[in-house]
$ cat entry_31.txt   # compact mmCIF, C-alpha atoms and all ligand atoms
# COMPACT_ATOMS: atom_id res chain seq x y z
CA MET A 234 70.38 77.24 10.89
CA GLN A 235 67.00 78.50 9.80
CA ILE A 236 64.42 80.64 11.54
CA ASN A 237 61.69 78.44 13.05
CA GLU A 238 57.91 78.87 13.34
CA THR A 239 57.96 80.24 16.88
CA GLN A 240 60.65 82.75 15.98
CA LEU A 241 58.73 83.83 12.87
CA ALA A 242 55.61 84.45 14.97
CA GLN A 243 57.72 86.52 17.37
CA VAL A 244 59.16 88.52 14.48
CA ASN A 245 55.63 89.26 13.26
CA ASP A 246 54.74 90.59 16.71
CA ARG A 247 57.76 92.88 16.57
CA ILE A 248 56.90 93.98 13.02
CA ARG A 249 53.42 95.00 14.16
CA ALA A 250 54.84 96.96 17.10
CA LEU A 251 57.41 98.70 14.89
CA ILE A 252 54.83 99.73 12.30
CA ALA A 253 52.40 100.93 15.00
CA SER A 254 55.08 103.08 16.64
CA ASN A 255 56.09 104.56 13.29
CA SER A 256 59.78 103.97 14.07
CA PHE A 257 62.52 104.14 11.42
CA TYR A 258 62.18 100.43 10.83
CA GLY A 259 58.38 100.59 10.75
CA LYS A 260 58.76 103.16 7.96
CA LYS A 261 61.25 100.95 6.12
CA LEU A 262 58.74 98.10 6.22
CA GLU A 263 55.91 100.29 5.02
CA GLU A 264 58.02 101.55 2.12
CA ALA A 265 58.80 97.94 1.20
CA GLY A 266 55.10 97.04 1.55
CA ILE A 267 55.82 94.41 4.21
CA THR A 268 53.36 93.78 7.02
CA GLU A 269 54.33 90.23 7.97
CA VAL A 270 56.67 87.33 7.19
CA LYS A 271 55.29 83.86 6.56
CA THR A 272 58.38 81.84 5.63
CA PRO A 273 62.13 81.84 6.23
CA GLU A 274 62.44 83.15 2.64
CA ASP A 275 60.22 86.12 3.51
CA PHE A 276 62.37 86.77 6.55
CA ALA A 277 65.55 86.78 4.47
CA LYS A 278 64.06 89.59 2.37
CA LEU A 279 63.52 91.92 5.32
CA PRO A 280 65.68 95.02 5.12
CA PHE A 281 68.73 95.22 7.42
CA SER A 282 69.06 97.82 10.14
CA GLU A 283 72.32 99.64 10.70
CA LYS A 284 74.07 101.63 13.40
CA LYS A 285 73.44 104.73 11.29
CA ASP A 286 69.66 104.19 11.52
CA LEU A 287 70.02 104.07 15.29
CA ARG A 288 72.09 107.25 15.40
CA ASP A 289 69.57 109.02 13.18
CA ALA A 290 66.87 108.12 15.70
CA TYR A 291 68.68 110.08 18.46
CA PRO A 292 67.54 110.74 21.10
CA LEU A 293 64.41 108.61 21.56
CA GLY A 294 63.32 107.67 18.06
CA LEU A 295 63.83 103.98 18.75
CA MET A 296 61.21 103.95 21.48
CA THR A 297 58.64 101.37 20.38
CA ALA A 298 56.72 100.86 23.63
CA PRO A 299 54.56 103.59 25.25
CA GLU A 300 56.57 106.07 27.31
CA GLU A 301 54.97 104.94 30.59
CA GLU A 302 56.39 101.46 30.06
CA ILE A 303 59.98 102.61 29.59
CA VAL A 304 61.96 102.18 32.82
CA ARG A 305 65.52 102.84 31.70
CA ILE A 306 67.77 103.81 28.84
CA HIS A 307 71.30 102.77 27.97
CA SER A 308 73.64 104.35 25.52
CA SER A 309 76.57 103.16 23.48
CA SER A 310 79.49 105.50 23.81
CA GLY A 311 80.57 105.38 20.18
CA THR A 312 83.96 106.85 19.36
CA THR A 313 82.56 109.09 16.64
CA GLY A 314 79.35 110.97 16.08
CA THR A 315 76.00 110.83 17.79
CA PRO A 316 75.51 108.19 20.47
CA VAL A 317 72.77 105.57 20.24
CA ILE A 318 70.10 105.50 22.94
CA ILE A 319 68.26 102.27 23.64
CA PRO A 320 65.05 102.40 25.75
CA TYR A 321 64.17 99.35 27.90
CA THR A 322 60.83 98.26 29.36
CA ALA A 323 60.71 96.42 32.71
CA LYS A 324 60.31 93.19 30.76
CA ASP A 325 63.41 93.95 28.67
CA VAL A 326 65.47 94.50 31.82
CA ASP A 327 64.08 91.28 33.25
CA ASP A 328 64.73 89.27 30.07
CA TRP A 329 68.28 90.56 29.95
CA GLY A 330 68.78 89.50 33.59
CA GLU A 331 67.44 86.03 32.77
CA MET A 332 69.85 85.68 29.86
CA PHE A 333 72.75 86.80 32.02
CA LYS A 334 71.74 84.44 34.82
CA ARG A 335 71.82 81.65 32.25
CA CYS A 336 75.35 82.70 31.27
CA TYR A 337 76.53 82.39 34.87
CA GLU A 338 74.81 79.02 35.20
CA VAL A 339 76.45 77.70 32.04
CA ALA A 340 79.79 78.78 33.53
CA GLY A 341 78.98 76.67 36.58
CA ILE A 342 78.52 79.71 38.84
CA THR A 343 75.96 79.34 41.65
CA ASN A 344 74.26 81.38 44.39
CA LYS A 345 77.16 80.44 46.67
CA ASP A 346 79.58 82.42 44.54
CA ARG A 347 80.81 85.95 45.20
CA ILE A 348 81.09 87.89 42.00
CA GLN A 349 83.48 90.83 41.70
CA ILE A 350 82.22 93.08 38.92
CA THR A 351 84.85 95.40 37.44
CA PRO A 352 83.22 96.70 34.22
CA GLY A 353 81.83 100.24 34.44
CA TYR A 354 78.39 101.20 35.70
CA GLY A 355 76.31 103.97 34.13
CA LEU A 356 74.95 104.71 30.70
CA TRP A 357 76.97 101.83 29.34
CA THR A 358 75.40 98.36 29.59
CA ALA A 359 78.41 96.61 31.10
CA GLY A 360 78.49 96.68 34.92
CA ILE A 361 74.75 96.80 35.41
CA GLY A 362 74.27 93.79 33.12
CA PHE A 363 76.70 91.65 35.15
CA GLN A 364 74.92 92.91 38.28
CA ASN A 365 71.38 92.05 37.09
CA GLY A 366 72.34 88.49 36.24
CA CYS A 367 74.19 88.06 39.52
CA GLU A 368 71.20 89.18 41.57
CA LYS A 369 68.83 86.96 39.59
CA LEU A 370 71.14 84.04 40.26
CA GLY A 371 71.16 84.91 43.94
CA ALA A 372 74.94 85.19 44.11
CA MET A 373 76.67 87.95 46.05
CA ALA A 374 77.58 90.89 43.84
CA VAL A 375 80.63 92.95 44.70
CA PRO A 376 79.96 95.96 42.46
CA MET A 377 83.44 97.47 42.19
CA GLY A 378 83.30 99.12 38.80
CA PRO A 379 86.56 99.78 36.97
CA GLY A 380 89.98 100.83 38.24
CA ASN A 381 91.48 101.28 41.72
CA THR A 382 93.50 98.10 41.65
CA ASP A 383 94.54 98.35 45.34
CA LYS A 384 90.91 98.39 46.42
CA GLN A 385 90.03 95.61 43.96
CA LEU A 386 92.71 93.33 45.40
CA GLU A 387 91.82 94.24 48.97
CA MET A 388 88.15 93.30 48.44
CA MET A 389 89.14 90.22 46.47
CA GLN A 390 91.06 88.96 49.49
CA ALA A 391 88.75 90.15 52.29
CA LEU A 392 85.57 88.87 50.67
CA GLU A 393 87.22 85.83 49.10
CA THR A 394 85.51 86.54 45.80
CA THR A 395 85.29 83.47 43.57
CA VAL A 396 84.35 85.03 40.23
CA LEU A 397 85.98 87.91 38.39
CA CYS A 398 84.02 89.77 35.74
CA SER A 399 86.20 92.01 33.61
CA THR A 400 87.69 92.83 30.26
CA SER A 401 90.58 90.63 29.19
CA SER A 402 93.06 93.49 29.56
CA TYR A 403 92.00 94.24 33.12
CA ALA A 404 92.08 90.55 34.02
CA LEU A 405 95.65 90.41 32.77
CA LEU A 406 96.60 93.52 34.74
CA LEU A 407 95.12 92.04 37.92
CA ALA A 408 96.86 88.73 37.29
CA GLU A 409 100.22 90.46 36.92
CA GLU A 410 99.61 92.57 40.03
CA ILE A 411 98.73 89.49 42.09
CA GLN A 412 101.89 87.82 40.86
CA LYS A 413 104.00 90.90 41.63
CA ARG A 414 102.63 91.26 45.16
CA GLY A 415 102.98 87.55 45.87
CA ILE A 416 99.40 87.23 47.12
CA LYS A 417 98.23 84.38 44.95
CA ASP A 418 97.59 82.11 47.95
CA LYS A 419 95.21 84.72 49.39
CA ILE A 420 93.11 84.83 46.23
CA HIS A 421 90.09 82.52 45.98
CA LEU A 422 89.07 83.13 42.37
CA LYS A 423 87.84 80.07 40.46
CA LYS A 424 86.36 81.56 37.34
CA GLY A 425 86.55 84.59 35.13
CA VAL A 426 83.73 85.91 32.95
CA ILE A 427 85.36 88.02 30.30
CA GLY A 428 83.76 90.54 27.92
CA SER A 429 83.90 89.70 24.25
CA GLU A 430 86.70 91.96 23.00
CA ARG A 431 89.06 90.14 20.65
CA TRP A 432 91.85 88.44 22.58
CA SER A 433 94.51 85.99 21.59
CA ASP A 434 94.80 82.42 22.87
CA LYS A 435 98.19 83.37 24.25
CA MET A 436 96.65 86.06 26.44
CA ARG A 437 93.84 83.74 27.52
CA GLU A 438 96.35 81.08 28.47
CA ARG A 439 98.36 83.55 30.51
CA ILE A 440 95.42 84.90 32.52
CA SER A 441 94.13 81.41 33.13
CA THR A 442 97.50 80.07 34.31
CA GLU A 443 98.53 83.05 36.41
CA LEU A 444 95.22 83.26 38.24
CA GLY A 445 94.58 79.53 38.15
CA ILE A 446 91.00 80.06 36.93
CA GLU A 447 88.63 78.85 34.20
CA LEU A 448 87.74 81.54 31.68
CA TYR A 449 84.42 82.15 29.97
CA ASP A 450 83.81 84.47 27.02
CA ILE A 451 80.63 86.45 27.11
CA TYR A 452 79.04 88.10 24.08
CA GLY A 453 76.75 91.09 23.74
CA LEU A 454 76.32 94.64 22.50
CA THR A 455 74.42 97.64 23.82
CA GLU A 456 72.05 97.76 20.85
CA ILE A 457 70.92 94.21 21.71
CA TYR A 458 70.36 94.35 25.52
CA GLY A 459 74.09 94.41 26.40
CA PRO A 460 76.55 91.69 27.46
CA GLY A 461 75.04 88.32 28.34
CA ILE A 462 73.34 87.17 25.15
CA GLY A 463 75.73 84.21 24.90
CA ILE A 464 78.66 82.46 26.58
CA ASN A 465 80.91 79.46 26.00
CA CYS A 466 80.27 76.33 28.06
CA GLU A 467 82.73 74.07 29.87
CA HIS A 468 83.73 72.42 26.58
CA ASN A 469 84.90 75.75 25.18
CA THR A 470 83.62 75.05 21.68
CA GLY A 471 82.21 78.50 20.90
CA MET A 472 79.61 80.68 22.58
CA HIS A 473 76.05 79.40 22.98
CA ILE A 474 73.53 82.09 21.94
CA TRP A 475 70.09 82.35 23.57
CA ASP A 476 67.87 81.75 20.57
CA ASP A 477 64.66 82.00 22.59
CA TYR A 478 65.39 85.75 22.82
CA LEU A 479 67.36 86.34 19.62
CA TYR A 480 67.68 85.05 16.12
CA LEU A 481 71.20 85.18 14.79
CA GLU A 482 72.35 85.03 11.16
CA ILE A 483 75.75 85.11 9.53
CA ILE A 484 75.89 87.02 6.26
CA ASP A 485 78.47 87.83 3.64
CA PRO A 486 79.10 91.50 4.48
CA LYS A 487 79.55 92.39 0.79
CA THR A 488 76.49 90.70 -0.71
CA GLY A 489 74.21 90.61 2.35
CA GLU A 490 73.38 86.96 1.61
CA ASN A 491 73.32 84.32 4.34
CA VAL A 492 76.39 82.08 4.31
CA PRO A 493 76.20 78.33 5.08
CA ASP A 494 76.75 77.25 8.70
CA GLY A 495 80.46 76.99 9.44
CA GLU A 496 81.47 79.83 7.15
CA TRP A 497 82.74 83.13 8.47
CA GLY A 498 80.82 86.35 8.01
CA GLU A 499 79.04 89.19 9.78
CA ILE A 500 76.73 88.57 12.73
CA VAL A 501 73.20 89.90 12.14
CA ILE A 502 70.79 89.82 15.08
CA THR A 503 67.00 90.04 15.35
CA THR A 504 65.51 90.59 18.82
CA LEU A 505 62.49 88.31 19.19
CA VAL A 506 60.80 89.65 22.31
CA LYS A 507 62.32 93.06 22.96
CA GLU A 508 59.74 95.79 23.56
CA GLY A 509 61.52 99.10 24.21
CA ALA A 510 63.61 99.05 21.03
CA PRO A 511 63.18 95.89 18.95
CA LEU A 512 65.72 95.45 16.18
CA ILE A 513 65.20 93.42 13.05
CA ARG A 514 68.22 92.08 11.16
CA TYR A 515 70.65 94.42 12.89
CA ARG A 516 74.12 94.37 11.35
CA THR A 517 76.65 94.14 14.17
CA HIS A 518 79.78 94.27 11.96
CA ASP A 519 81.24 91.61 14.27
CA LEU A 520 82.83 88.68 12.48
CA SER A 521 82.15 85.11 13.49
CA ARG A 522 80.66 81.88 12.21
CA ILE A 523 78.00 79.44 13.31
CA ILE A 524 79.62 76.28 14.63
CA PRO A 525 77.78 73.40 12.98
CA GLY A 526 76.76 70.26 14.81
CA GLU A 527 76.00 69.60 18.45
CA CYS A 528 77.97 70.70 21.46
CA PRO A 529 79.25 67.86 23.68
CA CYS A 530 77.41 69.56 26.59
CA GLY A 531 74.08 68.61 24.98
CA ARG A 532 72.64 72.15 25.07
CA SER A 533 70.73 72.88 21.89
CA TYR A 534 71.44 76.63 21.85
CA PRO A 535 73.33 77.43 18.64
CA ARG A 536 77.01 78.33 18.93
CA ILE A 537 79.15 81.02 17.38
CA ASP A 538 82.92 81.18 17.28
CA THR A 539 85.03 83.75 19.15
CA ILE A 540 84.68 87.17 17.53
CA LYS A 541 87.50 87.50 15.03
CA GLY A 542 87.31 91.21 14.39
CA ARG A 543 85.18 93.63 12.42
CA THR A 544 83.83 93.47 8.89
CA ASP A 545 86.06 96.38 7.92
CA ASP A 546 89.02 93.97 8.25
CA MET A 547 87.50 91.37 5.93
CA MET A 548 89.06 90.35 2.60
CA LYS A 549 87.65 88.02 -0.02
CA ILE A 550 90.26 85.85 -1.75
CA LYS A 551 89.27 83.34 -4.42
CA GLY A 552 85.72 83.31 -3.10
CA VAL A 553 86.81 82.69 0.50
CA ASN A 554 86.20 85.28 3.20
CA VAL A 555 89.43 85.87 5.09
CA PHE A 556 90.53 88.28 7.74
CA PRO A 557 93.97 89.17 9.01
CA SER A 558 93.61 87.44 12.38
CA GLN A 559 93.17 84.07 10.65
CA ILE A 560 96.44 84.51 8.76
CA GLU A 561 98.07 85.72 11.96
CA GLU A 562 96.96 82.53 13.73
CA VAL A 563 98.46 80.31 11.05
CA LEU A 564 101.74 82.24 11.09
CA ALA A 565 101.89 81.94 14.90
CA GLU A 566 102.30 78.17 14.44
CA PHE A 567 105.69 78.65 12.79
CA GLU A 568 108.42 79.21 15.35
CA GLU A 569 111.08 79.85 12.71
CA ILE A 570 109.52 83.13 11.54
CA SER A 571 109.59 86.53 13.23
CA SER A 572 106.51 88.38 14.49
CA GLU A 573 106.56 90.67 11.46
CA TYR A 574 104.58 89.89 8.33
CA GLN A 575 102.93 91.68 5.49
CA ILE A 576 99.86 90.69 3.51
CA ARG A 577 99.37 92.07 0.00
CA ILE A 578 96.20 91.49 -1.93
CA SER A 579 96.14 92.12 -5.63
CA HIS A 580 94.00 91.45 -8.64
CA LEU A 581 95.87 89.46 -11.28
CA ASP A 582 94.41 87.95 -14.47
CA GLY A 583 90.86 88.31 -13.17
CA LYS A 584 91.65 86.66 -9.84
CA ASP A 585 92.30 87.94 -6.35
CA THR A 586 95.56 86.71 -4.96
CA MET A 587 97.22 87.03 -1.60
CA ARG A 588 100.91 87.31 -1.07
CA ILE A 589 102.23 86.84 2.45
CA TYR A 590 105.70 88.09 3.31
CA VAL A 591 107.33 86.58 6.36
CA GLU A 592 110.80 86.91 7.86
CA THR A 593 113.24 84.28 9.03
CA ASN A 594 116.99 83.92 9.53
CA GLY A 595 119.36 82.35 7.04
CA HIS A 596 119.44 78.93 8.68
CA VAL A 597 116.25 77.58 7.13
CA ASP A 598 115.37 76.59 3.59
CA PHE A 599 113.29 79.56 2.40
CA ALA A 600 111.49 77.71 -0.40
CA GLU A 601 110.61 74.75 1.76
CA LEU A 602 109.30 77.02 4.55
CA ALA A 603 107.22 79.03 2.07
CA LYS A 604 105.61 75.86 0.82
CA ARG A 605 104.80 74.62 4.31
CA ILE A 606 103.15 77.95 5.22
CA ALA A 607 101.13 78.01 1.98
CA ASP A 608 99.96 74.43 2.58
CA ARG A 609 98.95 75.26 6.13
CA VAL A 610 96.92 78.31 4.99
CA LYS A 611 95.25 76.11 2.37
CA SER A 612 94.28 73.44 4.88
CA LYS A 613 93.13 75.86 7.58
CA ILE A 614 91.48 78.62 5.57
CA GLY A 615 90.79 77.10 2.17
CA PHE A 616 92.90 78.89 -0.45
CA THR A 617 96.56 78.85 -1.40
CA PRO A 618 98.45 82.12 -0.94
CA ILE A 619 101.79 83.02 -2.47
CA VAL A 620 104.27 83.02 0.41
CA LYS A 621 107.55 84.93 0.18
CA VAL A 622 110.15 84.32 2.83
CA VAL A 623 112.66 87.13 3.39
CA GLU A 624 115.61 87.80 5.75
CA ILE A 625 114.82 89.18 9.20
CA GLY A 626 114.77 92.99 9.15
CA VAL A 627 113.63 93.32 5.54
CA LEU A 628 109.97 94.09 6.25
CA PRO A 629 109.14 97.64 7.32
CA ARG A 630 108.70 98.18 11.06
CA SER A 631 105.63 100.12 12.09
CA MET A 632 103.58 100.60 15.21
CA LYS A 633 100.43 100.63 13.10
CA LYS A 634 98.70 97.33 12.70
CA THR A 635 96.91 98.35 9.51
CA ALA A 636 100.20 98.57 7.65
CA ARG A 637 100.42 94.78 7.78
CA VAL A 638 97.64 94.44 5.22
CA ILE A 639 97.92 96.18 1.88
CA ASP A 640 95.09 95.93 -0.57
CA GLU A 641 96.29 96.71 -4.11
CA ARG A 642 93.03 95.91 -5.87
CA PHE A 643 91.05 98.54 -7.73
CA ASP A 644 87.33 98.23 -7.16
ZN ZN B 1 78.09 73.53 25.11

$ encode --input "entry_31.txt" --output "structure tokens"
Amino acid sequence: MQINETQLAQVNDRIRALIASNSFYGKKLEEAGITEVKTPEDFAKLPFSEKKDLRDAYPLGLMTAPEEEIVRIHSSSGTTGTPVIIPYTAKDVDDWGEMFKRCYEVAGITNKDRIQITPGYGLWTAGIGFQNGCEKLGAMAVPMGPGNTDKQLEMMQALETTVLCSTSSYALLLAEEIQKRGIKDKIHLKKGVIGSERWSDKMRERISTELGIELYDIYGLTEIYGPGIGINCEHNTGMHIWDDYLYLEIIDPKTGENVPDGEWGEIVITTLVKEGAPLIRYRTHDLSRIIPGECPCGRSYPRIDTIKGRTDDMMKIKGVNVFPSQIEEVLAEFEEISSEYQIRISHLDGKDTMRIYVETNGHVDFAELAKRIADRVKSKIGFTPIVKVVEIGVLPRSMKKTARVIDERFD
């Protein structure tokens, strides 16, 4: 996927605005002596922007449009340090609503639907984003916000809401509660639009079965409008991204180079038409890949895979970018092993190697099982690990997930 002419022209507009407003990125461009980009190669040389840049701009350093045009701000909570504040113009709010409306439409939601919105309202972009799109679509918003499960279920029944917007964990909680109270026949939900936190197929399957609904994954982040910049379609082959508003790249997080379509890496986003706080080549630290080829639905919007985690989790083995969740997925295919595993990465004879320790009981042929797992990793991920099968109970038990991956390399 390469940046096209229209997108390049839009980037140049943003570059001019950023330089004129003397923002952090405008300064970066001036230092690099860049005033425009003419080719995709020029674009690939533009400096990245980072969360740290955004924090340093606190409170309103990102403001790129004149103050009188700013109608709203949002803020990312951020677990550590200074929050990030993103100013929006009326057009930004409108564009975001259009993108979100498109998400609902792709999910087959119409103005006849009643949409129960459980993400939070406020500084955060969640609830209000779902709301904007819903109103643009002309559907009926039921703006619940988070929590108060009794009230949620009461409204869900009384108003016969047909769409649930929530996080995956809250959807699961509601599903279990509906099951427990035996009120499934009073629930009219048909679809769920779920925020893009990482969730397993197992969890997805459970929510979908228990509630009897179709699930859609929505992507977004506060720095780039908020949720609603992409969603999966009925074929569930990745999330379509609205490339008339955004240009998305996948890079190798270590080298910063673009990776070929289909390969995993870090999502980098450029906003093409944002006015209040345009971002050029913003590093999201989210891991995904561009899904090559065309979607059976016929939509030409590019697709990315479900978010697999954060760049901090990424490992590079024999030239292949790998992260723990991929290994976890392969291991989940083997019923004969326990849930415990350990991944050790070391540097031997100039090469990175991965050893995977798994547990099983004494009834299976350890060597044969090890070979089958190694072959499966090779075919699914692209390199052959060393697999060691041990007796159940041998691996250390820990509540901490990080202890499953041990990197023994010296950089
Ligand atoms: Zn599609």

$ residues_around --input "entry_31.txt" --residues "Asp289 (chain A)" --least-positions-apart "5" --cutoff "9 Å" --atoms "only C-alpha atoms" --output "list in words"
Phe257, Lys284, Gly294, Thr315 and Val317 of chain A

$ residues_around --input "entry_31.txt" --residues "Ala323 (chain A)" --least-positions-apart "2" --cutoff "12 Å" --atoms "all atoms listed in the file" --output "list in words"
Ala298, Glu300, Glu301, Glu302, Ile303, Val304, Arg305, Ile306, Pro320, Tyr321, Asp325, Val326, Asp327, Asp328, Trp329, Gly330, Lys507, Glu508 and Gly509 of chain A

$ closest_residue --input "entry_31.txt" --among "A:Ala250, A:Ala510, A:Val553, A:Ile350" --to "Thr395 (chain A)" --atoms "all atoms listed in the file"
A:Ile350

$ closest_residue --input "entry_31.txt" --among "A:Ser256, A:Asp346, A:Ile537, A:Glu499" --to "Asp450 (chain A)" --atoms "only C-alpha atoms"
A:Ile537

$ residues_near_ligand --input "entry_31.txt" --ligand "ligand ZN 1 (chain B)" --cutoff "7 Å" --atoms "all atoms listed in the file" --output "VMD selection string"
chain A and resid 465 to 468 470 473 528 to 532

$ closest_residue --input "entry_31.txt" --among "A:Cys398, A:Lys384, A:His421, A:Pro460" --to "Trp357 (chain A)" --atoms "all atoms listed in the file"
A:Pro460

$ axis_aligned_box --input "entry_31.txt" --around "region 594-598 of chain A" --padding-each-side "5 Å" --output "AutoDock Vina command-line options"
--center_x 117.4 --center_y 80.3 --center_z 6.6 --size_x 14.1 --size_y 17.3 --size_z 15.9

$ closest_residue --input "entry_31.txt" --among "A:Val501, A:Val270, A:Val620, A:Ile462" --to "Asn237 (chain A)" --atoms "only C-alpha atoms"
A:Val270

$ atom_distance --input "entry_31.txt" --atom1 "CA of Pro299 (chain A)" --atom2 "CA of Ser254 (chain A)"
8.6 Å

$ decode --input "entry_31.txt" --residues "region 497-504 of chain A" --atoms "all heavy atoms" --output "PDB file, in the first residue's frame"
ATOM      1  N   TRP A 497       3.714  -8.199   9.936  1.00  0.00           N
ATOM      2  CA  TRP A 497       3.334  -7.550  11.183  1.00  0.00           C
ATOM      3  C   TRP A 497       4.295  -6.424  11.534  1.00  0.00           C
ATOM      4  O   TRP A 497       5.485  -6.501  11.249  1.00  0.00           O
ATOM      5  CB  TRP A 497       3.315  -8.557  12.324  1.00  0.00           C
ATOM      6  CG  TRP A 497       2.225  -9.557  12.174  1.00  0.00           C
ATOM      7  CD1 TRP A 497       2.312 -10.768  11.531  1.00  0.00           C
ATOM      8  CD2 TRP A 497       0.871  -9.445  12.630  1.00  0.00           C
ATOM      9  NE1 TRP A 497       1.096 -11.400  11.568  1.00  0.00           N
ATOM     10  CE2 TRP A 497       0.204 -10.622  12.244  1.00  0.00           C
ATOM     11  CE3 TRP A 497       0.169  -8.458  13.336  1.00  0.00           C
ATOM     12  CZ2 TRP A 497      -1.146 -10.846  12.533  1.00  0.00           C
ATOM     13  CZ3 TRP A 497      -1.170  -8.694  13.635  1.00  0.00           C
ATOM     14  CH2 TRP A 497      -1.814  -9.872  13.229  1.00  0.00           C
ATOM     15  N   GLY A 498       3.776  -5.417  12.194  1.00  0.00           N
ATOM     16  CA  GLY A 498       4.607  -4.317  12.661  1.00  0.00           C
ATOM     17  C   GLY A 498       3.758  -3.298  13.392  1.00  0.00           C
ATOM     18  O   GLY A 498       2.623  -3.588  13.787  1.00  0.00           O
ATOM     19  N   GLU A 499       4.320  -2.090  13.547  1.00  0.00           N
ATOM     20  CA  GLU A 499       3.634  -1.046  14.304  1.00  0.00           C
ATOM     21  C   GLU A 499       2.783  -0.167  13.378  1.00  0.00           C
ATOM     22  O   GLU A 499       3.231   0.241  12.310  1.00  0.00           O
ATOM     23  CB  GLU A 499       4.678  -0.178  15.013  1.00  0.00           C
ATOM     24  CG  GLU A 499       4.088   0.987  15.779  1.00  0.00           C
ATOM     25  CD  GLU A 499       5.159   1.839  16.475  1.00  0.00           C
ATOM     26  OE1 GLU A 499       6.325   1.396  16.574  1.00  0.00           O
ATOM     27  OE2 GLU A 499       4.812   2.951  16.912  1.00  0.00           O
ATOM     28  N   ILE A 500       1.589   0.142  13.824  1.00  0.00           N
ATOM     29  CA  ILE A 500       0.702   1.026  13.056  1.00  0.00           C
ATOM     30  C   ILE A 500       1.169   2.475  13.219  1.00  0.00           C
ATOM     31  O   ILE A 500       1.361   2.948  14.335  1.00  0.00           O
ATOM     32  CB  ILE A 500      -0.756   0.919  13.540  1.00  0.00           C
ATOM     33  CG1 ILE A 500      -1.271  -0.510  13.401  1.00  0.00           C
ATOM     34  CG2 ILE A 500      -1.649   1.902  12.785  1.00  0.00           C
ATOM     35  CD1 ILE A 500      -2.670  -0.713  13.971  1.00  0.00           C
ATOM     36  N   VAL A 501       1.351   3.152  12.085  1.00  0.00           N
ATOM     37  CA  VAL A 501       1.708   4.569  12.074  1.00  0.00           C
ATOM     38  C   VAL A 501       0.613   5.287  11.287  1.00  0.00           C
ATOM     39  O   VAL A 501       0.255   4.848  10.188  1.00  0.00           O
ATOM     40  CB  VAL A 501       3.083   4.768  11.404  1.00  0.00           C
ATOM     41  CG1 VAL A 501       3.373   6.240  11.176  1.00  0.00           C
ATOM     42  CG2 VAL A 501       4.181   4.126  12.248  1.00  0.00           C
ATOM     43  N   ILE A 502       0.056   6.346  11.856  1.00  0.00           N
ATOM     44  CA  ILE A 502      -1.082   7.003  11.211  1.00  0.00           C
ATOM     45  C   ILE A 502      -0.803   8.479  10.912  1.00  0.00           C
ATOM     46  O   ILE A 502      -0.252   9.189  11.744  1.00  0.00           O
ATOM     47  CB  ILE A 502      -2.357   6.890  12.081  1.00  0.00           C
ATOM     48  CG1 ILE A 502      -2.728   5.415  12.291  1.00  0.00           C
ATOM     49  CG2 ILE A 502      -3.537   7.629  11.439  1.00  0.00           C
ATOM     50  CD1 ILE A 502      -3.916   5.195  13.205  1.00  0.00           C
ATOM     51  N   THR A 503      -1.196   8.903   9.724  1.00  0.00           N
ATOM     52  CA  THR A 503      -1.162  10.314   9.344  1.00  0.00           C
ATOM     53  C   THR A 503      -2.602  10.779   9.139  1.00  0.00           C
ATOM     54  O   THR A 503      -3.358  10.128   8.413  1.00  0.00           O
ATOM     55  CB  THR A 503      -0.372  10.492   8.035  1.00  0.00           C
ATOM     56  OG1 THR A 503       0.979  10.075   8.265  1.00  0.00           O
ATOM     57  CG2 THR A 503      -0.386  11.943   7.567  1.00  0.00           C
ATOM     58  N   THR A 504      -2.989  11.874   9.803  1.00  0.00           N
ATOM     59  CA  THR A 504      -4.343  12.400   9.594  1.00  0.00           C
ATOM     60  C   THR A 504      -4.296  13.288   8.348  1.00  0.00           C
ATOM     61  O   THR A 504      -3.421  14.140   8.222  1.00  0.00           O
ATOM     62  CB  THR A 504      -4.822  13.232  10.800  1.00  0.00           C
ATOM     63  OG1 THR A 504      -3.984  14.386  10.938  1.00  0.00           O
ATOM     64  CG2 THR A 504      -4.773  12.427  12.088  1.00  0.00           C
TER      65      THR A 504
END
